[in-house]
file work-v7.txt (compact mmCIF, C-alpha atoms)
# COMPACT_ATOMS: atom_id res chain seq x y z
CA MET A 45 48.26 -5.78 -9.19
CA ASP A 46 46.18 -8.72 -10.48
CA PHE A 47 45.13 -9.37 -6.91
CA PHE A 48 42.90 -6.28 -6.63
CA ILE A 49 41.85 -5.68 -10.26
CA ALA A 50 40.90 -8.39 -12.71
CA SER A 51 42.91 -8.39 -15.88
CA ALA A 52 41.08 -7.48 -19.03
CA TRP A 53 41.73 -9.86 -21.86
CA ALA A 54 40.70 -9.37 -25.47
CA ALA A 55 37.92 -11.62 -26.72
CA GLU A 56 38.68 -14.19 -29.34
CA ALA A 57 38.06 -13.17 -32.95
CA ALA A 58 34.60 -14.00 -34.27
CA PRO A 59 34.51 -16.65 -36.95
CA ALA A 60 34.12 -15.39 -40.51
CA PRO A 61 30.50 -15.47 -41.74
CA GLY A 62 29.79 -18.50 -43.84
CA PHE A 63 27.02 -19.57 -46.18
CA ALA A 64 24.93 -20.84 -43.28
CA ASP A 65 24.67 -17.29 -41.90
CA PHE A 66 23.00 -16.09 -45.11
CA ILE A 67 20.39 -18.86 -45.35
CA PRO A 68 17.73 -16.92 -43.33
CA LEU A 69 18.16 -13.89 -45.62
CA ILE A 70 17.81 -16.06 -48.71
CA VAL A 71 14.68 -17.75 -47.33
CA LEU A 72 13.20 -14.34 -46.45
CA PHE A 73 13.82 -13.04 -49.97
CA VAL A 74 12.20 -16.15 -51.51
CA VAL A 75 9.13 -15.75 -49.27
CA PHE A 76 8.81 -12.04 -50.19
CA TYR A 77 9.16 -12.90 -53.87
CA PHE A 78 6.35 -15.47 -53.87
CA LEU A 79 4.02 -13.57 -51.51
CA LEU A 80 4.51 -9.96 -52.66
CA ILE A 81 6.54 -9.38 -55.80
CA ARG A 82 5.22 -12.12 -58.10
CA PRO A 83 1.48 -11.53 -57.49
CA GLN A 84 1.92 -7.78 -57.93
CA THR A 85 3.69 -8.13 -61.28
CA LYS A 86 0.99 -10.56 -62.38
CA ARG A 87 -1.76 -8.05 -61.52
CA VAL A 88 0.08 -5.26 -63.36
CA LYS A 89 0.44 -7.45 -66.44
CA GLU A 90 -3.28 -8.35 -66.39
CA HIS A 91 -4.30 -4.68 -65.98
CA LYS A 92 -2.07 -3.64 -68.89
CA ALA A 93 -3.73 -6.27 -71.09
CA LEU A 94 -7.19 -5.13 -69.96
CA VAL A 95 -6.45 -1.46 -70.78
CA SER A 96 -4.90 -2.23 -74.15
CA ASN A 97 -7.85 -4.40 -75.24
CA LEU A 98 -10.55 -1.79 -74.59
CA ALA A 99 -12.90 -1.11 -77.50
CA LYS A 100 -15.83 1.19 -78.25
CA GLY A 101 -19.02 -0.07 -76.66
CA ASP A 102 -17.33 -1.81 -73.71
CA GLU A 103 -19.01 -1.26 -70.36
CA VAL A 104 -16.37 -0.33 -67.81
CA VAL A 105 -15.96 0.62 -64.16
CA THR A 106 -13.35 3.21 -63.17
CA ASN A 107 -11.29 3.24 -59.99
CA GLY A 108 -13.53 6.05 -58.74
CA GLY A 109 -16.64 3.91 -59.13
CA LEU A 110 -18.09 5.45 -62.29
CA MET A 111 -19.75 2.93 -64.55
CA GLY A 112 -20.39 3.66 -68.20
CA LYS A 113 -19.96 2.77 -71.83
CA VAL A 114 -16.81 3.64 -73.81
CA LYS A 115 -17.69 6.12 -76.56
CA ASP A 116 -14.27 7.18 -77.84
CA LEU A 117 -10.72 5.90 -77.43
CA GLY A 118 -7.52 7.90 -77.41
CA ASP A 119 -3.93 7.05 -76.63
CA ASN A 120 -4.14 8.13 -72.98
CA PHE A 121 -7.80 9.04 -72.42
CA LEU A 122 -11.24 7.51 -72.90
CA LEU A 123 -14.61 9.18 -73.33
CA ILE A 124 -17.17 7.35 -71.22
CA GLU A 125 -20.92 7.92 -71.31
CA ILE A 126 -22.19 7.48 -67.74
CA ALA A 127 -25.79 8.54 -68.49
CA SER A 128 -27.65 9.58 -71.62
CA GLY A 129 -26.03 12.83 -72.72
CA VAL A 130 -23.44 12.82 -69.88
CA GLU A 131 -19.90 12.03 -70.98
CA VAL A 132 -16.69 12.17 -68.96
CA LYS A 133 -13.09 11.90 -70.03
CA VAL A 134 -10.91 9.59 -67.92
CA GLN A 135 -7.39 8.23 -68.18
CA ARG A 136 -6.98 4.74 -69.57
CA GLN A 137 -5.12 3.62 -66.45
CA SER A 138 -8.10 4.52 -64.25
CA ILE A 139 -10.20 1.70 -65.71
CA ASN A 140 -10.69 -0.94 -63.05
CA SER A 141 -12.66 -3.62 -64.86
CA VAL A 142 -14.71 -4.41 -67.92
CA MET A 143 -18.27 -5.51 -67.20
CA PRO A 144 -20.29 -7.99 -69.28
CA LYS A 145 -22.43 -6.51 -72.05
CA GLY A 146 -25.88 -5.41 -70.85
CA THR A 147 -24.82 -4.69 -67.27
CA LEU A 148 -25.81 -1.03 -67.52
CA LYS A 149 -29.35 -1.93 -68.58
CA THR A 150 -29.90 -4.12 -65.52
CA LEU A 151 -28.96 -1.38 -63.05

call {"tool": "encode", "arguments": {"input": "work-v7.txt", "output": "structure tokens"}}
result
Amino acid sequence: MDFFIASAWAAEAAPAPGFADFIPLIVLFVVFYFLLIRPQTKRVKEHKALVSNLAKGDEVVTNGGLMGKVKDLGDNFLLIEIASGVEVKVQRQSINSVMPKGTLKTL
């Protein structure tokens, strides 16, 4: 019967995965850590420090682009004066940056 039909033989067993097979995954994780995870945690830490150090009279910019002076501080919210007599309440986490003193007068 072997003359007309080729015999099917089982393939040899694959070698067990070793440490060398995991090196590309380890390198990929290290690259992701230094390019994505570490900078993001650093930015979060800096933003937390910025939000916790806010004080009355600071000139701030929100994530939405509003620029004003901090009038009142609460645990979760700030009262910001964006024009004379116009005050808005925003969340602390929505503060994007603190501007140097006198920035509002130059605009």

call {"tool": "closest_residue", "arguments": {"input": "work-v7.txt", "among": "A:Ile81, A:Ala55, A:Met143, A:Lys100", "to": "Leu123 (chain A)", "atoms": "only C-alpha atoms"}}
result
A:Lys100

call {"tool": "closest_residue", "arguments": {"input": "work-v7.txt", "among": "A:Pro144, A:Gly112, A:Pro83, A:Pro68", "to": "Val132 (chain A)", "atoms": "all atoms listed in the file"}}
result
A:Gly112

call {"tool": "closest_residue", "arguments": {"input": "work-v7.txt", "among": "A:Ser141, A:Thr85, A:Val95, A:Phe73", "to": "Asn120 (chain A)", "atoms": "all atoms listed in the file"}}
result
A:Val95

call {"tool": "closest_residue", "arguments": {"input": "work-v7.txt", "among": "A:Lys149, A:Arg82, A:His91, A:Lys113", "to": "Gly129 (chain A)", "atoms": "all atoms listed in the file"}}
result
A:Lys113

call {"tool": "atom_distance", "arguments": {"input": "work-v7.txt", "atom1": "CA of Val130 (chain A)", "atom2": "CA of Leu98 (chain A)"}}
result
20.0 Å

call {"tool": "atom_distance", "arguments": {"input": "work-v7.txt", "atom1": "CA of Phe121 (chain A)", "atom2": "CA of Gln137 (chain A)"}}
result
8.5 Å

call {"tool": "atom_distance", "arguments": {"input": "work-v7.txt", "atom1": "CA of Ser128 (chain A)", "atom2": "CA of Asn140 (chain A)"}}
result
21.7 Å

call {"tool": "closest_residue", "arguments": {"input": "work-v7.txt", "among": "A:Ala60, A:Leu148, A:Val74, A:Leu69", "to": "Leu110 (chain A)", "atoms": "all atoms listed in the file"}}
result
A:Leu148

call {"tool": "closest_residue", "arguments": {"input": "work-v7.txt", "among": "A:Asp116, A:Ala57, A:Glu103, A:Val88", "to": "Lys145 (chain A)", "atoms": "all atoms listed in the file"}}
result
A:Glu103
